[in-house]
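Reproduced below: run-v8.pdb, with PDB, N, CA and C atoms.
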MODEL        1
ATOM      1  N   MET A  22       9.353   5.883 -20.684
ATOM      2  CA  MET A  22       7.917   6.045 -20.694
ATOM      3  C   MET A  22       7.352   5.508 -19.376
ATOM      4  N   LYS A  23       6.456   6.259 -18.793
ATOM      5  CA  LYS A  23       5.833   5.848 -17.543
ATOM      6  C   LYS A  23       4.801   4.760 -17.784
ATOM      7  N   THR A  24       4.769   3.834 -16.854
ATOM      8  CA  THR A  24       3.730   2.814 -16.910
ATOM      9  C   THR A  24       2.510   3.316 -16.143
ATOM     10  N   LEU A  25       1.420   2.602 -16.284
ATOM     11  CA  LEU A  25       0.217   2.947 -15.535
ATOM     12  C   LEU A  25       0.497   2.860 -14.030
ATOM     13  N   ASN A  26       1.230   1.829 -13.624
ATOM     14  CA  ASN A  26       1.560   1.680 -12.199
ATOM     15  C   ASN A  26       2.393   2.849 -11.694
ATOM     16  N   ASP A  27       3.331   3.349 -12.499
ATOM     17  CA  ASP A  27       4.131   4.509 -12.101
ATOM     18  C   ASP A  27       3.242   5.727 -11.887
ATOM     19  N   THR A  28       2.329   5.928 -12.805
ATOM     20  CA  THR A  28       1.405   7.059 -12.703
ATOM     21  C   THR A  28       0.522   6.922 -11.463
ATOM     22  N   LEU A  29       0.031   5.717 -11.221
ATOM     23  CA  LEU A  29      -0.810   5.491 -10.042
ATOM     24  C   LEU A  29      -0.020   5.701  -8.753
ATOM     25  N   ARG A  30       1.232   5.257  -8.712
ATOM     26  CA  ARG A  30       2.082   5.464  -7.531
ATOM     27  C   ARG A  30       2.299   6.952  -7.270
ATOM     28  N   GLU A  31       2.561   7.706  -8.332
ATOM     29  CA  GLU A  31       2.758   9.149  -8.187
ATOM     30  C   GLU A  31       1.507   9.816  -7.636
ATOM     31  N   GLU A  32       0.368   9.449  -8.170
ATOM     32  CA  GLU A  32      -0.897  10.025  -7.701
ATOM     33  C   GLU A  32      -1.152   9.644  -6.246
ATOM     34  N   PHE A  33      -0.890   8.402  -5.908
ATOM     35  CA  PHE A  33      -1.071   7.940  -4.533
ATOM     36  C   PHE A  33      -0.160   8.708  -3.586
ATOM     37  N   SER A  34       1.085   8.894  -3.972
ATOM     38  CA  SER A  34       2.037   9.645  -3.146
ATOM     39  C   SER A  34       1.590  11.091  -2.983
ATOM     40  N   ARG A  35       1.092  11.677  -4.055
ATOM     41  CA  ARG A  35       0.601  13.057  -3.995
ATOM     42  C   ARG A  35      -0.572  13.176  -3.031
ATOM     43  N   ILE A  36      -1.465  12.216  -3.095
ATOM     44  CA  ILE A  36      -2.631  12.223  -2.205
ATOM     45  C   ILE A  36      -2.199  12.094  -0.745
ATOM     46  N   LEU A  37      -1.220  11.227  -0.482
ATOM     47  CA  LEU A  37      -0.755  11.032   0.889
ATOM     48  C   LEU A  37      -0.114  12.283   1.487
ATOM     49  N   THR A  38       0.336  13.195   0.650
ATOM     50  CA  THR A  38       0.967  14.416   1.163
ATOM     51  C   THR A  38      -0.044  15.522   1.458
ATOM     52  N   GLN A  39      -1.294  15.296   1.128
ATOM     53  CA  GLN A  39      -2.325  16.289   1.435
ATOM     54  C   GLN A  39      -2.536  16.351   2.948
ATOM     55  N   ASP A  40      -2.792  17.545   3.440
ATOM     56  CA  ASP A  40      -2.936  17.763   4.881
ATOM     57  C   ASP A  40      -3.930  16.810   5.530
ATOM     58  N   GLU A  41      -5.038  16.585   4.865
ATOM     59  CA  GLU A  41      -6.072  15.699   5.410
ATOM     60  C   GLU A  41      -5.492  14.321   5.751
ATOM     61  N   PHE A  42      -4.673  13.795   4.851
ATOM     62  CA  PHE A  42      -4.129  12.461   5.049
ATOM     63  C   PHE A  42      -2.913  12.462   5.965
ATOM     64  N   THR A  43      -2.065  13.468   5.848
ATOM     65  CA  THR A  43      -0.902  13.504   6.742
ATOM     66  C   THR A  43      -1.347  13.651   8.190
ATOM     67  N   ASN A  44      -2.407  14.400   8.421
ATOM     68  CA  ASN A  44      -2.936  14.538   9.784
ATOM     69  C   ASN A  44      -3.472  13.205  10.304
ATOM     70  N   LYS A  45      -4.186  12.483   9.468
ATOM     71  CA  LYS A  45      -4.717  11.174   9.874
ATOM     72  C   LYS A  45      -3.591  10.178  10.126
ATOM     73  N   ILE A  46      -2.572  10.217   9.281
ATOM     74  CA  ILE A  46      -1.434   9.311   9.439
ATOM     75  C   ILE A  46      -0.715   9.591  10.748
ATOM     76  N   LYS A  47      -0.482  10.868  11.034
ATOM     77  CA  LYS A  47       0.186  11.241  12.287
ATOM     78  C   LYS A  47      -0.680  10.920  13.495
ATOM     79  N   PHE A  48      -1.966  11.264  13.427
ATOM     80  CA  PHE A  48      -2.866  11.043  14.555
ATOM     81  C   PHE A  48      -2.975   9.562  14.906
ATOM     82  N   ASN A  49      -3.051   8.719  13.878
ATOM     83  CA  ASN A  49      -3.198   7.280  14.084
ATOM     84  C   ASN A  49      -1.865   6.547  14.156
ATOM     85  N   LYS A  50      -0.768   7.307  14.065
ATOM     86  CA  LYS A  50       0.585   6.753  14.138
ATOM     87  C   LYS A  50       0.770   5.615  13.136
ATOM     88  N   LEU A  51       0.367   5.880  11.894
ATOM     89  CA  LEU A  51       0.472   4.876  10.849
ATOM     90  C   LEU A  51       1.864   4.902  10.239
ATOM     91  N   ASP A  52       2.292   3.763   9.770
ATOM     92  CA  ASP A  52       3.596   3.605   9.140
ATOM     93  C   ASP A  52       3.439   3.844   7.640
ATOM     94  N   THR A  53       4.041   4.912   7.130
ATOM     95  CA  THR A  53       3.890   5.222   5.710
ATOM     96  C   THR A  53       4.540   4.164   4.826
ATOM     97  N   ASN A  54       5.590   3.517   5.304
ATOM     98  CA  ASN A  54       6.195   2.426   4.526
ATOM     99  C   ASN A  54       5.200   1.288   4.341
ATOM    100  N   LEU A  55       4.446   1.004   5.386
ATOM    101  CA  LEU A  55       3.433  -0.043   5.313
ATOM    102  C   LEU A  55       2.326   0.346   4.336
ATOM    103  N   ILE A  56       1.922   1.587   4.373
ATOM    104  CA  ILE A  56       0.889   2.067   3.457
ATOM    105  C   ILE A  56       1.373   1.937   2.013
ATOM    106  N   ASN A  57       2.596   2.349   1.763
ATOM    107  CA  ASN A  57       3.137   2.264   0.406
ATOM    108  C   ASN A  57       3.301   0.819  -0.054
ATOM    109  N   LYS A  58       3.716  -0.059   0.847
ATOM    110  CA  LYS A  58       3.856  -1.475   0.493
ATOM    111  C   LYS A  58       2.491  -2.069   0.158
ATOM    112  N   ALA A  59       1.477  -1.708   0.925
ATOM    113  CA  ALA A  59       0.120  -2.192   0.653
ATOM    114  C   ALA A  59      -0.321  -1.757  -0.738
ATOM    115  N   PHE A  60      -0.033  -0.518  -1.078
ATOM    116  CA  PHE A  60      -0.403  -0.020  -2.393
ATOM    117  C   PHE A  60       0.349  -0.766  -3.493
ATOM    118  N   ASP A  61       1.627  -1.033  -3.267
ATOM    119  CA  ASP A  61       2.417  -1.786  -4.247
ATOM    120  C   ASP A  61       1.855  -3.188  -4.470
ATOM    121  N   VAL A  62       1.437  -3.833  -3.396
ATOM    122  CA  VAL A  62       0.848  -5.175  -3.523
ATOM    123  C   VAL A  62      -0.445  -5.107  -4.334
ATOM    124  N   LEU A  63      -1.253  -4.091  -4.071
ATOM    125  CA  LEU A  63      -2.487  -3.943  -4.842
ATOM    126  C   LEU A  63      -2.189  -3.717  -6.325
ATOM    127  N   LEU A  64      -1.205  -2.892  -6.607
ATOM    128  CA  LEU A  64      -0.844  -2.638  -8.007
ATOM    129  C   LEU A  64      -0.333  -3.888  -8.706
ATOM    130  N   GLU A  65       0.453  -4.642  -7.988
ATOM    131  CA  GLU A  65       1.070  -5.825  -8.580
ATOM    132  C   GLU A  65       0.033  -6.829  -9.085
ATOM    133  N   PHE A  66      -1.063  -6.942  -8.371
ATOM    134  CA  PHE A  66      -2.041  -7.978  -8.697
ATOM    135  C   PHE A  66      -3.385  -7.429  -9.170
ATOM    136  N   LYS A  67      -3.430  -6.154  -9.504
ATOM    137  CA  LYS A  67      -4.701  -5.517  -9.835
ATOM    138  C   LYS A  67      -5.374  -6.074 -11.086
ATOM    139  N   SER A  68      -4.596  -6.535 -12.045
ATOM    140  CA  SER A  68      -5.194  -6.896 -13.328
ATOM    141  C   SER A  68      -5.320  -8.396 -13.569
ATOM    142  N   ASP A  69      -4.942  -9.202 -12.601
ATOM    143  CA  ASP A  69      -4.999 -10.649 -12.807
ATOM    144  C   ASP A  69      -5.889 -11.283 -11.740
ATOM    145  N   SER A  70      -7.114 -11.593 -12.133
ATOM    146  CA  SER A  70      -8.079 -12.107 -11.163
ATOM    147  C   SER A  70      -7.648 -13.451 -10.575
ATOM    148  N   ASP A  71      -6.865 -14.232 -11.322
ATOM    149  CA  ASP A  71      -6.402 -15.523 -10.812
ATOM    150  C   ASP A  71      -5.397 -15.356  -9.673
ATOM    151  N   LEU A  72      -4.740 -14.231  -9.618
ATOM    152  CA  LEU A  72      -3.709 -14.008  -8.611
ATOM    153  C   LEU A  72      -4.210 -13.246  -7.382
ATOM    154  N   ARG A  73      -5.456 -12.843  -7.378
ATOM    155  CA  ARG A  73      -5.956 -12.039  -6.251
ATOM    156  C   ARG A  73      -5.860 -12.772  -4.921
ATOM    157  N   ASP A  74      -6.224 -14.040  -4.897
ATOM    158  CA  ASP A  74      -6.121 -14.798  -3.642
ATOM    159  C   ASP A  74      -4.668 -14.898  -3.202
ATOM    160  N   ASN A  75      -3.778 -15.130  -4.149
ATOM    161  CA  ASN A  75      -2.355 -15.179  -3.844
ATOM    162  C   ASN A  75      -1.882 -13.823  -3.313
ATOM    163  N   ALA A  76      -2.335 -12.759  -3.911
ATOM    164  CA  ALA A  76      -1.964 -11.413  -3.463
ATOM    165  C   ALA A  76      -2.453 -11.171  -2.044
ATOM    166  N   ARG A  77      -3.659 -11.597  -1.765
ATOM    167  CA  ARG A  77      -4.226 -11.422  -0.419
ATOM    168  C   ARG A  77      -3.373 -12.163   0.615
ATOM    169  N   ARG A  78      -2.995 -13.390   0.309
ATOM    170  CA  ARG A  78      -2.158 -14.171   1.232
ATOM    171  C   ARG A  78      -0.797 -13.516   1.429
ATOM    172  N   GLN A  79      -0.199 -13.055   0.316
ATOM    173  CA  GLN A  79       1.099 -12.397   0.432
ATOM    174  C   GLN A  79       1.010 -11.132   1.274
ATOM    175  N   PHE A  80      -0.047 -10.372   1.083
ATOM    176  CA  PHE A  80      -0.204  -9.143   1.847
ATOM    177  C   PHE A  80      -0.443  -9.453   3.321
ATOM    178  N   GLU A  81      -1.256 -10.444   3.603
ATOM    179  CA  GLU A  81      -1.484 -10.843   4.996
ATOM    180  C   GLU A  81      -0.178 -11.280   5.646
ATOM    181  N   ASN A  82       0.604 -12.063   4.926
ATOM    182  CA  ASN A  82       1.906 -12.491   5.455
ATOM    183  C   ASN A  82       2.829 -11.304   5.686
ATOM    184  N   PHE A  83       2.816 -10.360   4.758
ATOM    185  CA  PHE A  83       3.630  -9.163   4.917
ATOM    186  C   PHE A  83       3.220  -8.416   6.191
ATOM    187  N   LEU A  84       1.920  -8.235   6.392
ATOM    188  CA  LEU A  84       1.442  -7.524   7.582
ATOM    189  C   LEU A  84       1.830  -8.261   8.861
ATOM    190  N   ILE A  85       1.640  -9.552   8.865
ATOM    191  CA  ILE A  85       1.982 -10.343  10.054
ATOM    192  C   ILE A  85       3.467 -10.204  10.362
ATOM    193  N   ASN A  86       4.302 -10.352   9.352
ATOM    194  CA  ASN A  86       5.750 -10.220   9.572
ATOM    195  C   ASN A  86       6.133  -8.812   9.986
ATOM    196  N   HIS A  87       5.479  -7.829   9.397
ATOM    197  CA  HIS A  87       5.763  -6.436   9.760
ATOM    198  C   HIS A  87       5.478  -6.190  11.242
ATOM    199  N   PHE A  88       4.333  -6.633  11.688
ATOM    200  CA  PHE A  88       3.958  -6.388  13.076
ATOM    201  C   PHE A  88       4.771  -7.239  14.053
ATOM    202  N   LYS A  89       5.169  -8.417  13.621
ATOM    203  CA  LYS A  89       6.034  -9.250  14.482
ATOM    204  C   LYS A  89       7.378  -8.557  14.709
ATOM    205  N   THR A  90       7.936  -7.964  13.665
ATOM    206  CA  THR A  90       9.238  -7.312  13.813
ATOM    207  C   THR A  90       9.136  -6.006  14.582
ATOM    208  N   LYS A  91       7.956  -5.391  14.620
ATOM    209  CA  LYS A  91       7.768  -4.129  15.356
ATOM    210  C   LYS A  91       7.485  -4.370  16.829
ATOM    211  N   SER A  92       7.136  -5.607  17.200
ATOM    212  CA  SER A  92       6.780  -5.925  18.594
ATOM    213  C   SER A  92       8.013  -6.046  19.454
TER     214      SER A  92
ENDMDL
END
Exercise: express the given structure as structure tokens:
Amino acid sequence: MKTLNDTLREEFSRILTQDEFTNKIKFNKLDTNLINKAFDVLLEFKSDSDLRDNARRQFENFLINHFKTKS
């Protein structure tokens, strides 16, 4: 049985494959892995208000580490 998060991930992936978004991703040279990871972090902490600050810190750390390794 699919979870709500699975359904949301599928919808998000479908949206990212639309021409409008693929063009923006290519034009701005965005990393789709980073986009998907950001979405996963949002899903992980979407329903627990006590964890939102923790989620924000984890996501910021993820971004910082991602960009450090790409430099």
Return as lines of an AutoDock Vina configuration file the box centre and box size in Å, one decimal, for an axis-aligned box around all listed atoms of region 58-73 of chain A padded by 6 Å per side.
center_x = -2.1
center_y = -7.8
center_z = -6.3
size_x = 23.9
size_y = 27.5
size_z = 26.5
Computed interatomic separation between atom N of Thr53 (chain A) and atom N of Arg77 (chain A) (Å):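 Interatomic distance, atom N of Thr53 (chain A) to atom N of Arg77 (chain A): 20.3 Å.
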Test item: residues at most 12 Å from Lys91 (chain A), only C-alpha atoms, excluding those fewer than 5 positions along its chain, as a PyMOL selection string: chain A and resi 52+55+84-86
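Among the candidate residues A:Asp61, A:Asp40, A:Asp69, A:Glu32, the one lying nearest to Phe83 (chain A) is A:Asp61, with distances computed using only C-alpha atoms.
The coordinates place CA of Arg30 (chain A) at 20.2 Å from atom C of Asn44 (chain A).
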Backbone DSSP call of alpha helix (DSSP H) for region 31-82 of chain A, listed as a ChimeraX atom specification: /A:31-37,40-48,53-66,73-82
Who sits within 12 Å of Ile56 (chain A), only C-alpha atoms, same chain under 4 positions skipped, as a ChimeraX atom specification: /A:30,33-34,37,42,46,50-52,60-63,80,83-84,87
Interatomic distance, atom N of Lys67 (chain A) to CA of Leu25 (chain A) (Å, one decimal): 11.5 Å
Is it possible to add N, CA, C and O atoms to region 32-53 of chain A and hand it back as an mmCIF file, in the coordinates of the input?
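Result file follows (rebuild-v9.cif):
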data_model
loop_
_atom_site.group_PDB
_atom_site.id
_atom_site.type_symbol
_atom_site.label_atom_id
_atom_site.label_comp_id
_atom_site.auth_asym_id
_atom_site.auth_seq_id
_atom_site.Cartn_x
_atom_site.Cartn_y
_atom_site.Cartn_z
ATOM 1 N N GLU A 32 0.368 9.449 -8.170
ATOM 2 C CA GLU A 32 -0.897 10.025 -7.701
ATOM 3 C C GLU A 32 -1.152 9.644 -6.246
ATOM 4 O O GLU A 32 -1.565 10.472 -5.437
ATOM 5 N N PHE A 33 -0.890 8.402 -5.908
ATOM 6 C CA PHE A 33 -1.071 7.940 -4.533
ATOM 7 C C PHE A 33 -0.160 8.708 -3.586
ATOM 8 O O PHE A 33 -0.594 9.175 -2.531
ATOM 9 N N SER A 34 1.085 8.894 -3.972
ATOM 10 C CA SER A 34 2.037 9.645 -3.146
ATOM 11 C C SER A 34 1.590 11.091 -2.983
ATOM 12 O O SER A 34 1.701 11.669 -1.905
ATOM 13 N N ARG A 35 1.092 11.677 -4.055
ATOM 14 C CA ARG A 35 0.601 13.057 -3.995
ATOM 15 C C ARG A 35 -0.572 13.176 -3.031
ATOM 16 O O ARG A 35 -0.641 14.093 -2.210
ATOM 17 N N ILE A 36 -1.465 12.216 -3.095
ATOM 18 C CA ILE A 36 -2.631 12.223 -2.205
ATOM 19 C C ILE A 36 -2.199 12.094 -0.745
ATOM 20 O O ILE A 36 -2.719 12.787 0.132
ATOM 21 N N LEU A 37 -1.220 11.227 -0.482
ATOM 22 C CA LEU A 37 -0.755 11.032 0.889
ATOM 23 C C LEU A 37 -0.114 12.283 1.487
ATOM 24 O O LEU A 37 -0.032 12.402 2.705
ATOM 25 N N THR A 38 0.336 13.195 0.650
ATOM 26 C CA THR A 38 0.967 14.416 1.163
ATOM 27 C C THR A 38 -0.044 15.522 1.458
ATOM 28 O O THR A 38 0.331 16.567 1.997
ATOM 29 N N GLN A 39 -1.294 15.296 1.128
ATOM 30 C CA GLN A 39 -2.325 16.289 1.435
ATOM 31 C C GLN A 39 -2.536 16.351 2.948
ATOM 32 O O GLN A 39 -2.457 15.329 3.640
ATOM 33 N N ASP A 40 -2.792 17.545 3.440
ATOM 34 C CA ASP A 40 -2.936 17.763 4.881
ATOM 35 C C ASP A 40 -3.930 16.810 5.530
ATOM 36 O O ASP A 40 -3.678 16.291 6.619
ATOM 37 N N GLU A 41 -5.038 16.585 4.865
ATOM 38 C CA GLU A 41 -6.072 15.699 5.410
ATOM 39 C C GLU A 41 -5.492 14.321 5.751
ATOM 40 O O GLU A 41 -5.767 13.753 6.806
ATOM 41 N N PHE A 42 -4.673 13.795 4.851
ATOM 42 C CA PHE A 42 -4.129 12.461 5.049
ATOM 43 C C PHE A 42 -2.913 12.462 5.965
ATOM 44 O O PHE A 42 -2.746 11.548 6.771
ATOM 45 N N THR A 43 -2.065 13.468 5.848
ATOM 46 C CA THR A 43 -0.902 13.504 6.742
ATOM 47 C C THR A 43 -1.347 13.651 8.190
ATOM 48 O O THR A 43 -0.750 13.045 9.082
ATOM 49 N N ASN A 44 -2.407 14.400 8.421
ATOM 50 C CA ASN A 44 -2.936 14.538 9.784
ATOM 51 C C ASN A 44 -3.472 13.205 10.304
ATOM 52 O O ASN A 44 -3.234 12.844 11.453
ATOM 53 N N LYS A 45 -4.186 12.483 9.468
ATOM 54 C CA LYS A 45 -4.717 11.174 9.874
ATOM 55 C C LYS A 45 -3.591 10.178 10.126
ATOM 56 O O LYS A 45 -3.645 9.394 11.064
ATOM 57 N N ILE A 46 -2.572 10.217 9.281
ATOM 58 C CA ILE A 46 -1.434 9.311 9.439
ATOM 59 C C ILE A 46 -0.715 9.591 10.748
ATOM 60 O O ILE A 46 -0.391 8.677 11.508
ATOM 61 N N LYS A 47 -0.482 10.868 11.034
ATOM 62 C CA LYS A 47 0.186 11.241 12.287
ATOM 63 C C LYS A 47 -0.680 10.920 13.495
ATOM 64 O O LYS A 47 -0.200 10.373 14.492
ATOM 65 N N PHE A 48 -1.966 11.264 13.427
ATOM 66 C CA PHE A 48 -2.866 11.043 14.555
ATOM 67 C C PHE A 48 -2.975 9.562 14.906
ATOM 68 O O PHE A 48 -2.977 9.180 16.071
ATOM 69 N N ASN A 49 -3.051 8.719 13.878
ATOM 70 C CA ASN A 49 -3.198 7.280 14.084
ATOM 71 C C ASN A 49 -1.865 6.547 14.156
ATOM 72 O O ASN A 49 -1.839 5.325 14.266
ATOM 73 N N LYS A 50 -0.768 7.307 14.065
ATOM 74 C CA LYS A 50 0.585 6.753 14.138
ATOM 75 C C LYS A 50 0.770 5.615 13.136
ATOM 76 O O LYS A 50 1.259 4.533 13.466
ATOM 77 N N LEU A 51 0.367 5.880 11.894
ATOM 78 C CA LEU A 51 0.472 4.876 10.849
ATOM 79 C C LEU A 51 1.864 4.902 10.239
ATOM 80 O O LEU A 51 2.515 5.931 10.181
ATOM 81 N N ASP A 52 2.292 3.763 9.770
ATOM 82 C CA ASP A 52 3.596 3.605 9.140
ATOM 83 C C ASP A 52 3.439 3.844 7.640
ATOM 84 O O ASP A 52 2.778 3.062 6.947
ATOM 85 N N THR A 53 4.041 4.912 7.130
ATOM 86 C CA THR A 53 3.890 5.222 5.710
ATOM 87 C C THR A 53 4.540 4.164 4.826
ATOM 88 O O THR A 53 4.078 3.927 3.704
#
